[in-house]
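> structure_14.txt is reproduced below (compact mmCIF, C-alpha atoms).
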# COMPACT_ATOMS: atom_id res chain seq x y z
CA MET A 1 0.00 0.00 0.00
CA GLU A 2 1.72 3.20 -1.19
CA LEU A 3 -0.55 5.79 0.52
CA ILE A 4 0.35 8.37 -2.13
CA HIS A 5 -2.41 10.78 -1.12
CA LEU A 6 -1.55 10.60 2.57
CA LYS A 7 2.09 11.34 1.78
CA SER A 8 0.98 14.35 -0.26
CA LEU A 9 -1.22 15.64 2.57
CA LEU A 10 1.68 15.32 5.01
CA ASN A 11 4.21 16.95 2.68
CA LYS A 12 3.73 20.34 4.31
CA ARG A 13 6.39 21.09 6.94
CA GLY A 14 5.23 20.17 10.43
CA GLU A 15 2.01 18.52 9.24
CA SER A 16 2.85 15.11 10.73
CA ALA A 17 3.31 16.69 14.16
CA ARG A 18 0.04 18.63 13.85
CA LEU A 19 -1.80 15.46 12.79
CA SER A 20 -0.30 13.58 15.72
CA LYS A 21 -1.36 16.25 18.20
CA ALA A 22 -4.90 16.45 16.81
CA THR A 23 -5.51 12.69 16.64
CA ASN A 24 -3.27 11.25 19.38
CA ILE A 25 -1.60 9.07 16.73
CA SER A 26 2.12 8.84 17.44
CA THR A 27 4.54 10.45 15.00
CA GLY A 28 6.39 7.11 14.99
CA ASN A 29 3.34 5.33 13.60
CA ILE A 30 2.83 8.03 10.99
CA SER A 31 6.49 7.77 9.97
CA ASP A 32 6.21 3.97 9.69
CA TRP A 33 3.16 4.22 7.39
CA LEU A 34 5.05 6.51 5.04
CA ASN A 35 8.22 4.42 5.01
CA PRO A 36 8.18 2.07 1.96
CA SER A 37 10.54 -0.36 3.72
CA LYS A 38 7.97 -0.89 6.49
CA LYS A 39 4.81 -2.93 6.08
CA SER A 40 2.88 -1.00 8.71
CA THR A 41 -0.51 0.41 7.69
CA PRO A 42 -3.07 2.48 9.61
CA ASN A 43 -5.93 0.57 11.23
CA ALA A 44 -9.62 1.42 10.84
CA GLU A 45 -9.70 3.81 13.81
CA ALA A 46 -6.60 5.69 12.64
CA LEU A 47 -7.94 6.02 9.08
CA CYS A 48 -11.17 7.56 10.33
CA LYS A 49 -9.26 10.04 12.53
CA ILE A 50 -6.97 11.06 9.67
CA ALA A 51 -9.89 11.41 7.23
CA SER A 52 -11.70 13.63 9.71
CA TYR A 53 -8.59 15.76 10.26
CA PHE A 54 -8.01 16.32 6.54
CA ASN A 55 -11.74 16.47 5.72
CA CYS A 56 -11.38 13.75 3.11
CA SER A 57 -12.64 10.23 2.55
CA VAL A 58 -10.96 7.05 3.74
CA ASP A 59 -10.98 5.89 0.11
CA TYR A 60 -8.90 8.95 -0.78
CA LEU A 61 -6.34 8.11 1.92
CA LEU A 62 -6.11 4.55 0.58
CA ASP A 63 -5.63 5.80 -3.02
CA ARG A 64 -8.90 4.20 -4.16
CA THR A 65 -10.13 7.51 -5.56
CA ASN A 66 -8.63 10.82 -6.62
CA ILE A 67 -11.64 12.72 -5.32
CA LYS A 68 -10.64 14.33 -2.03
CA SER A 69 -14.10 15.59 -1.03
CA MET A 70 -15.41 14.17 2.22
CA ASN A 71 -17.52 11.04 1.94
CA ILE A 72 -18.75 10.37 5.45
CA GLN A 73 -17.40 7.03 6.65
CA ASN A 74 -18.38 5.20 9.78
CA ILE A 75 -17.03 2.21 11.63
CA TYR A 76 -19.63 -0.52 12.00
CA ARG A 77 -19.21 -3.56 14.22
CA PHE A 78 -20.49 -6.31 11.95
CA PRO A 79 -20.41 -10.13 11.97
CA VAL A 80 -18.01 -11.62 9.42
CA TYR A 81 -17.85 -15.36 8.78
CA ASP A 82 -14.41 -16.88 9.28
CA GLN A 83 -14.71 -18.91 6.04
CA GLN A 84 -13.19 -17.30 2.94
CA ALA A 85 -15.07 -17.48 -0.35
CA ALA A 86 -12.89 -18.22 -3.34
CA ALA A 87 -13.13 -15.87 -6.28
CA GLY A 88 -11.27 -18.60 -8.06
CA ALA A 89 -11.37 -22.38 -8.22
CA GLY A 90 -13.10 -22.85 -4.87
CA MET A 91 -12.32 -23.40 -1.22
CA ILE A 92 -13.48 -26.29 0.86
CA GLY A 93 -16.54 -25.29 2.84
CA ARG A 94 -16.63 -25.98 6.54
CA ASP A 95 -18.62 -25.07 9.57
CA GLY A 96 -17.24 -21.92 11.06
CA ASP A 97 -17.88 -19.08 13.45
CA PHE A 98 -18.64 -15.43 13.10
CA GLU A 99 -16.29 -12.78 14.39
CA ILE A 100 -17.30 -9.18 14.95
CA GLU A 101 -15.06 -6.99 12.78
CA ASP A 102 -14.71 -3.25 12.25
CA ILE A 103 -16.19 -2.41 8.85
CA ILE A 104 -15.39 1.05 7.45
CA THR A 105 -18.12 2.18 5.07
CA ASP A 106 -20.68 4.89 4.48
CA TYR A 107 -23.58 2.58 5.35
CA ILE A 108 -24.63 -1.03 5.92
CA PRO A 109 -27.66 -2.16 3.86
CA ASP A 110 -30.67 -3.11 5.97
CA ASN A 111 -30.83 -6.54 4.32
CA ALA A 112 -27.16 -7.39 5.01
CA VAL A 113 -26.92 -10.25 7.52
CA PHE A 114 -23.19 -11.02 7.64
CA GLY A 115 -19.96 -10.58 5.71
CA ILE A 116 -17.46 -12.96 4.19
CA HIS A 117 -13.88 -12.45 3.01
CA ILE A 118 -13.06 -12.86 -0.69
CA LYS A 119 -9.87 -14.56 -1.81
CA GLY A 120 -8.94 -14.62 -5.49
CA LYS A 121 -9.14 -12.49 -8.63
CA SER A 122 -11.82 -14.16 -10.75
CA MET A 123 -14.41 -11.48 -9.86
CA GLU A 124 -12.17 -8.43 -10.32
CA ASP A 125 -12.56 -5.55 -10.94
CA THR A 126 -16.07 -5.64 -9.47
CA ILE A 127 -15.15 -7.69 -6.39
CA PRO A 128 -11.42 -7.36 -5.63
CA ASP A 129 -9.20 -9.91 -3.95
CA ASP A 130 -9.13 -9.44 -0.15
CA SER A 131 -12.38 -7.47 -0.08
CA VAL A 132 -15.32 -8.24 2.21
CA VAL A 133 -18.79 -8.75 0.80
CA LEU A 134 -22.00 -8.31 2.78
CA LEU A 135 -24.72 -10.87 2.13
CA ASP A 136 -28.49 -10.94 2.08
CA THR A 137 -29.52 -14.47 3.09
CA LYS A 138 -33.27 -13.86 2.67
CA PHE A 139 -33.16 -13.24 -1.09
CA ASP A 140 -35.90 -14.11 -3.58
CA PRO A 141 -34.52 -17.15 -5.50
CA TYR A 142 -36.45 -16.05 -8.59
CA GLU A 143 -34.59 -12.74 -8.69
CA LEU A 144 -31.02 -14.08 -8.60
CA ASP A 145 -30.34 -14.06 -12.34
CA GLY A 146 -27.37 -11.79 -13.05
CA GLN A 147 -26.64 -11.27 -9.34
CA ASN A 148 -23.29 -11.83 -7.64
CA VAL A 149 -23.60 -14.54 -5.01
CA ILE A 150 -21.73 -16.69 -2.55
CA ALA A 151 -22.52 -20.33 -3.24
CA GLU A 152 -21.51 -23.73 -1.96
CA ILE A 153 -20.96 -26.37 -4.65
CA ASN A 154 -19.77 -29.84 -3.72
CA GLY A 155 -18.28 -28.48 -0.52
CA ASP A 156 -16.51 -25.55 -2.20
CA VAL A 157 -17.48 -22.00 -1.20
CA ILE A 158 -17.22 -19.70 -4.21
CA CYS A 159 -18.01 -16.15 -5.28
CA LYS A 160 -19.53 -15.96 -8.78
CA GLN A 161 -22.26 -14.32 -10.83
CA TYR A 162 -25.44 -16.42 -10.94
CA ASN A 163 -26.86 -16.92 -14.43
CA GLN A 164 -30.02 -18.94 -15.08
CA GLN A 165 -29.77 -20.87 -18.34
CA SER A 166 -32.47 -23.01 -19.96
CA ASP A 167 -31.15 -26.30 -18.56
CA HIS A 168 -28.48 -25.33 -16.03
CA ILE A 169 -27.04 -22.64 -13.75
CA TRP A 170 -23.92 -20.89 -14.94
CA PHE A 171 -21.75 -19.57 -12.11
CA LYS A 172 -19.69 -17.03 -14.04
CA SER A 173 -16.33 -15.42 -13.29
CA LEU A 174 -16.58 -11.70 -14.12
CA ASN A 175 -12.86 -11.57 -14.86
CA ARG A 176 -12.87 -13.57 -18.09
CA GLU A 177 -9.20 -14.40 -17.68
CA PHE A 178 -10.56 -16.90 -15.16
CA SER A 179 -13.33 -18.29 -17.39
CA HIS A 180 -11.87 -21.77 -16.87
CA GLU A 181 -13.08 -21.51 -13.26
CA ASP A 182 -16.75 -21.07 -14.23
CA ARG A 183 -19.13 -23.68 -12.86
CA TYR A 184 -22.02 -25.23 -14.80
CA ILE A 185 -24.57 -26.99 -12.60
CA TYR A 186 -27.21 -29.18 -14.24
CA ASP A 187 -28.85 -30.43 -11.04
CA ASN A 188 -29.70 -28.98 -7.67
CA ASN A 189 -26.38 -29.90 -6.11
CA TYR A 190 -25.57 -26.37 -4.95
CA ARG A 191 -26.63 -23.94 -2.25
CA ILE A 192 -26.80 -20.17 -2.43
CA ILE A 193 -25.43 -18.87 0.86
CA GLY A 194 -26.33 -15.28 0.09
CA LYS A 195 -26.70 -12.54 -2.48
CA ILE A 196 -24.00 -9.87 -2.36
CA VAL A 197 -25.53 -6.52 -1.42
CA LYS A 198 -22.36 -4.50 -0.70
CA ILE A 199 -18.66 -4.73 -1.34
CA ILE A 200 -16.23 -3.37 1.25
CA LEU A 201 -12.86 -2.63 -0.28
Would you give me this structure, written as structure tokens?

Amino acid sequence: MELIHLKSLLNKRGESARLSKATNISTGNISDWLNPSKKSTPNAEALCKIASYFNCSVDYLLDRTNIKSMNIQNIYRFPVYDQQAAAGAGMIGRDGDFEIEDIITDYIPDNAVFGIHIKGKSMEDTIPDDSVVLLDTKFDPYELDGQNVIAEINGDVICKQYNQQSDHIWFKSLNREFSHEDRYIYDNNYRIIGKIVKIIL
């Protein structure tokens, strides 16, 4: 993570010290974040404090947008399943637990029940590797066509786009470089865990 925008904001002489004083974030931590030889990155609480100080969005600090204008972000305590969903060939499904994680976002949809971590690049750029998706588990099964879902197929938990075909279900990789990882299901040997209602980058 390069944090180009944060480096630019702190380029003014004395700005790191002023940020530290205003947010109670140590100058040592700030220096570590800006040092390319260190792998230290700001946590959710620090990002929100810095965004508030500079009146910018968290996405701007993380170089996800070039728009500096403030986009109000909040920290939500939200249940996230400890199983990863593969945006790739598939991961073995297993019973797991939920952990309450800090989710930084502008809002949580009312129909979101829990989150799950994504691992793999077959759904990029829409759903990036290492993102968290929030799921609606009370979806209408007749309205899934063209929706991005988390599904379990033969014990594998995957993230794909659901496409209803005349005689089968096509679980499609949005990144067509991974088209070989598509799944074609001609029976009912699958389970939709949830429909993706929000992506947390």
> So, counting all atoms listed in the file, which residue among A:His180, A:Gln165, A:Lys172, A:Val157 is closest to Ile193 (chain A)?
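Smallest separation from Ile193 (chain A) among the options: A:Val157.
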> Any idea what the distance is between CA of Val149 (chain A) and CA of Tyr162 (chain A)?
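Straight-line distance from CA of Val149 (chain A) to CA of Tyr162 (chain A) works out to 6.5 Å.
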> Around (-19.5, -15.3, -1.3) in the file's own coordinates, what residues are found within 6 Å if you use all atoms listed in the file, given back as a list in words?
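Output: Ala85, Val149, Ile150, Ile158 and Cys159 of chain A.
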> Of the candidates A:Phe178, A:Phe139, A:Phe171, A:Tyr107, which one gets nearest to Ala151 (chain A) if we count all atoms listed in the file?
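Comparing A:Phe178, A:Phe139, A:Phe171, A:Tyr107 against Ala151 (chain A), the winner is A:Phe171.
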> May I have the protein, DNA and RNA residues with an atom at most 12 Å from (6.7, 6.3, 4.5), counting all atoms listed in the file in the file's coordinates, returned as a compact mmCIF listing (two decimals) with C-alpha atoms, keeping the file's coordinate frame?

# COMPACT_ATOMS: atom_id res chain seq x y z
CA MET A 1 0.00 0.00 0.00
CA GLU A 2 1.72 3.20 -1.19
CA LEU A 3 -0.55 5.79 0.52
CA ILE A 4 0.35 8.37 -2.13
CA HIS A 5 -2.41 10.78 -1.12
CA LEU A 6 -1.55 10.60 2.57
CA LYS A 7 2.09 11.34 1.78
CA SER A 8 0.98 14.35 -0.26
CA LEU A 10 1.68 15.32 5.01
CA ASN A 11 4.21 16.95 2.68
CA SER A 16 2.85 15.11 10.73
CA THR A 27 4.54 10.45 15.00
CA GLY A 28 6.39 7.11 14.99
CA ASN A 29 3.34 5.33 13.60
CA ILE A 30 2.83 8.03 10.99
CA SER A 31 6.49 7.77 9.97
CA ASP A 32 6.21 3.97 9.69
CA TRP A 33 3.16 4.22 7.39
CA LEU A 34 5.05 6.51 5.04
CA ASN A 35 8.22 4.42 5.01
CA PRO A 36 8.18 2.07 1.96
CA SER A 37 10.54 -0.36 3.72
CA LYS A 38 7.97 -0.89 6.49
CA LYS A 39 4.81 -2.93 6.08
CA SER A 40 2.88 -1.00 8.71
CA THR A 41 -0.51 0.41 7.69
CA PRO A 42 -3.07 2.48 9.61
> Out of A:Glu101, A:Thr65, A:Pro141, A:Glu177, which residue has the shortest atom-to-atom distance to Asn163 (chain A) when counting only C-alpha atoms?
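Between A:Glu101, A:Thr65, A:Pro141, A:Glu177, the residue approaching Asn163 (chain A) most closely is A:Pro141.
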> Can you list, as number ranges by chain, every protein, DNA or RNA residue that comes within 10 Å of Lys49 (chain A) when you count only C-alpha atoms, leaving out same-chain residues fewer than 5 positions away?
A: 19, 22-25, 44, 54-55, 58
> Generate a file of the selected residues that holds C-alpha atoms, formatted as a PDB file, in the frame of the given file.

ATOM      1  CA  LEU A  19      -1.800  15.460  12.790  1.00  0.00           C
ATOM      2  CA  ALA A  22      -4.900  16.450  16.810  1.00  0.00           C
ATOM      3  CA  THR A  23      -5.510  12.690  16.640  1.00  0.00           C
ATOM      4  CA  ASN A  24      -3.270  11.250  19.380  1.00  0.00           C
ATOM      5  CA  ILE A  25      -1.600   9.070  16.730  1.00  0.00           C
ATOM      6  CA  ALA A  44      -9.620   1.420  10.840  1.00  0.00           C
ATOM      7  CA  PHE A  54      -8.010  16.320   6.540  1.00  0.00           C
ATOM      8  CA  ASN A  55     -11.740  16.470   5.720  1.00  0.00           C
ATOM      9  CA  VAL A  58     -10.960   7.050   3.740  1.00  0.00           C
TER      10      VAL A  58
END
> From the options A:Tyr76, A:Arg183, A:Asp59, A:His168, which residue's atoms come nearest to Asp156 (chain A), counting only C-alpha atoms?
A:Arg183
> As an exercise, work out the distance from CA of Ile185 (chain A) to CA of Asn154 (chain A) in Å and give it to one decimal place.
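Computing it gives 10.5 Å between the two atoms.
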> Report, in Å with one decimal, the straight-line distance from CA of Glu99 (chain A) to CA of Phe114 (chain A).
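For CA of Glu99 (chain A) relative to CA of Phe114 (chain A), the distance reads 9.8 Å.
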> Given all atoms listed in the file as the basis, pick out the residue of A:Asp130, A:Gln164, A:Phe98, A:Ser20 nearest to Gly146 (chain A).
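Residue with the minimum atom-to-atom distance to Gly146 (chain A): A:Gln164.
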> As a ChimeraX atom specification, please: the residues near Asn175 (chain A) (cut-off 7 Å, only C-alpha atoms, same-chain neighbours under 6 positions excluded).
/A:122-124
> Please complete region 121-132 of chain A with all heavy atoms and give it back as a short mmCIF file (atom, residue, chain, number, x, y, z; two decimals), in the coordinates of the input.

data_model
loop_
_atom_site.label_atom_id
_atom_site.label_comp_id
_atom_site.auth_asym_id
_atom_site.auth_seq_id
_atom_site.Cartn_x
_atom_site.Cartn_y
_atom_site.Cartn_z
N LYS A 121 -8.99 -13.60 -7.68
CA LYS A 121 -9.14 -12.49 -8.63
C LYS A 121 -10.15 -12.75 -9.74
O LYS A 121 -10.26 -11.95 -10.66
CB LYS A 121 -7.78 -12.17 -9.24
CG LYS A 121 -6.74 -11.73 -8.21
CD LYS A 121 -5.42 -11.36 -8.86
CE LYS A 121 -4.42 -10.89 -7.81
NZ LYS A 121 -3.13 -10.49 -8.41
N SER A 122 -10.92 -13.83 -9.64
CA SER A 122 -11.82 -14.16 -10.75
C SER A 122 -13.02 -13.23 -10.85
O SER A 122 -13.72 -13.23 -11.87
CB SER A 122 -12.31 -15.61 -10.64
OG SER A 122 -13.27 -15.75 -9.62
N MET A 123 -13.27 -12.41 -9.81
CA MET A 123 -14.41 -11.48 -9.86
C MET A 123 -13.96 -10.03 -9.96
O MET A 123 -14.78 -9.11 -9.85
CB MET A 123 -15.29 -11.69 -8.62
CG MET A 123 -15.97 -13.04 -8.57
SD MET A 123 -17.15 -13.30 -9.90
CE MET A 123 -18.54 -12.32 -9.31
N GLU A 124 -12.66 -9.80 -10.14
CA GLU A 124 -12.17 -8.43 -10.32
C GLU A 124 -12.59 -7.92 -11.70
O GLU A 124 -12.78 -8.70 -12.63
CB GLU A 124 -10.65 -8.40 -10.18
CG GLU A 124 -10.19 -8.69 -8.74
CD GLU A 124 -8.69 -8.55 -8.53
OE1 GLU A 124 -7.93 -8.60 -9.52
OE2 GLU A 124 -8.29 -8.40 -7.38
N ASP A 125 -12.83 -6.62 -11.89
CA ASP A 125 -12.56 -5.55 -10.94
C ASP A 125 -13.75 -5.26 -10.01
O ASP A 125 -13.64 -4.45 -9.08
CB ASP A 125 -12.23 -4.26 -11.69
CG ASP A 125 -10.91 -4.34 -12.44
OD1 ASP A 125 -9.97 -4.97 -11.91
OD2 ASP A 125 -10.84 -3.78 -13.53
N THR A 126 -14.88 -5.92 -10.25
CA THR A 126 -16.07 -5.64 -9.47
C THR A 126 -15.89 -6.02 -8.01
O THR A 126 -16.22 -5.24 -7.10
CB THR A 126 -17.28 -6.41 -10.05
OG1 THR A 126 -17.46 -6.01 -11.41
CG2 THR A 126 -18.54 -6.10 -9.27
N ILE A 127 -15.36 -7.21 -7.75
CA ILE A 127 -15.15 -7.69 -6.39
C ILE A 127 -13.67 -8.04 -6.24
O ILE A 127 -13.24 -9.12 -6.65
CB ILE A 127 -16.04 -8.91 -6.08
CG1 ILE A 127 -17.51 -8.57 -6.33
CG2 ILE A 127 -15.83 -9.36 -4.63
CD1 ILE A 127 -18.45 -9.74 -6.16
N PRO A 128 -12.87 -7.14 -5.69
CA PRO A 128 -11.42 -7.36 -5.63
C PRO A 128 -11.01 -8.45 -4.64
O PRO A 128 -11.73 -8.75 -3.68
CB PRO A 128 -10.88 -6.00 -5.19
CG PRO A 128 -11.99 -5.03 -5.39
CD PRO A 128 -13.25 -5.81 -5.22
N ASP A 129 -9.85 -9.00 -4.88
CA ASP A 129 -9.20 -9.91 -3.95
C ASP A 129 -9.04 -9.21 -2.60
O ASP A 129 -8.73 -8.01 -2.54
CB ASP A 129 -7.83 -10.31 -4.52
CG ASP A 129 -7.10 -11.33 -3.66
OD1 ASP A 129 -7.76 -12.03 -2.88
OD2 ASP A 129 -5.87 -11.43 -3.80
N ASP A 130 -9.27 -9.93 -1.52
CA ASP A 130 -9.13 -9.44 -0.15
C ASP A 130 -10.20 -8.45 0.28
O ASP A 130 -10.07 -7.79 1.31
CB ASP A 130 -7.74 -8.82 0.10
CG ASP A 130 -6.65 -9.88 0.14
OD1 ASP A 130 -6.95 -11.01 0.56
OD2 ASP A 130 -5.51 -9.59 -0.26
N SER A 131 -11.27 -8.31 -0.51
CA SER A 131 -12.38 -7.47 -0.08
C SER A 131 -13.31 -8.27 0.84
O SER A 131 -13.12 -9.47 1.03
CB SER A 131 -13.15 -6.93 -1.28
OG SER A 131 -13.66 -7.99 -2.08
N VAL A 132 -14.27 -7.59 1.42
CA VAL A 132 -15.32 -8.24 2.21
C VAL A 132 -16.65 -7.93 1.55
O VAL A 132 -16.91 -6.78 1.18
CB VAL A 132 -15.32 -7.73 3.67
CG1 VAL A 132 -16.53 -8.28 4.44
CG2 VAL A 132 -14.03 -8.11 4.38
#
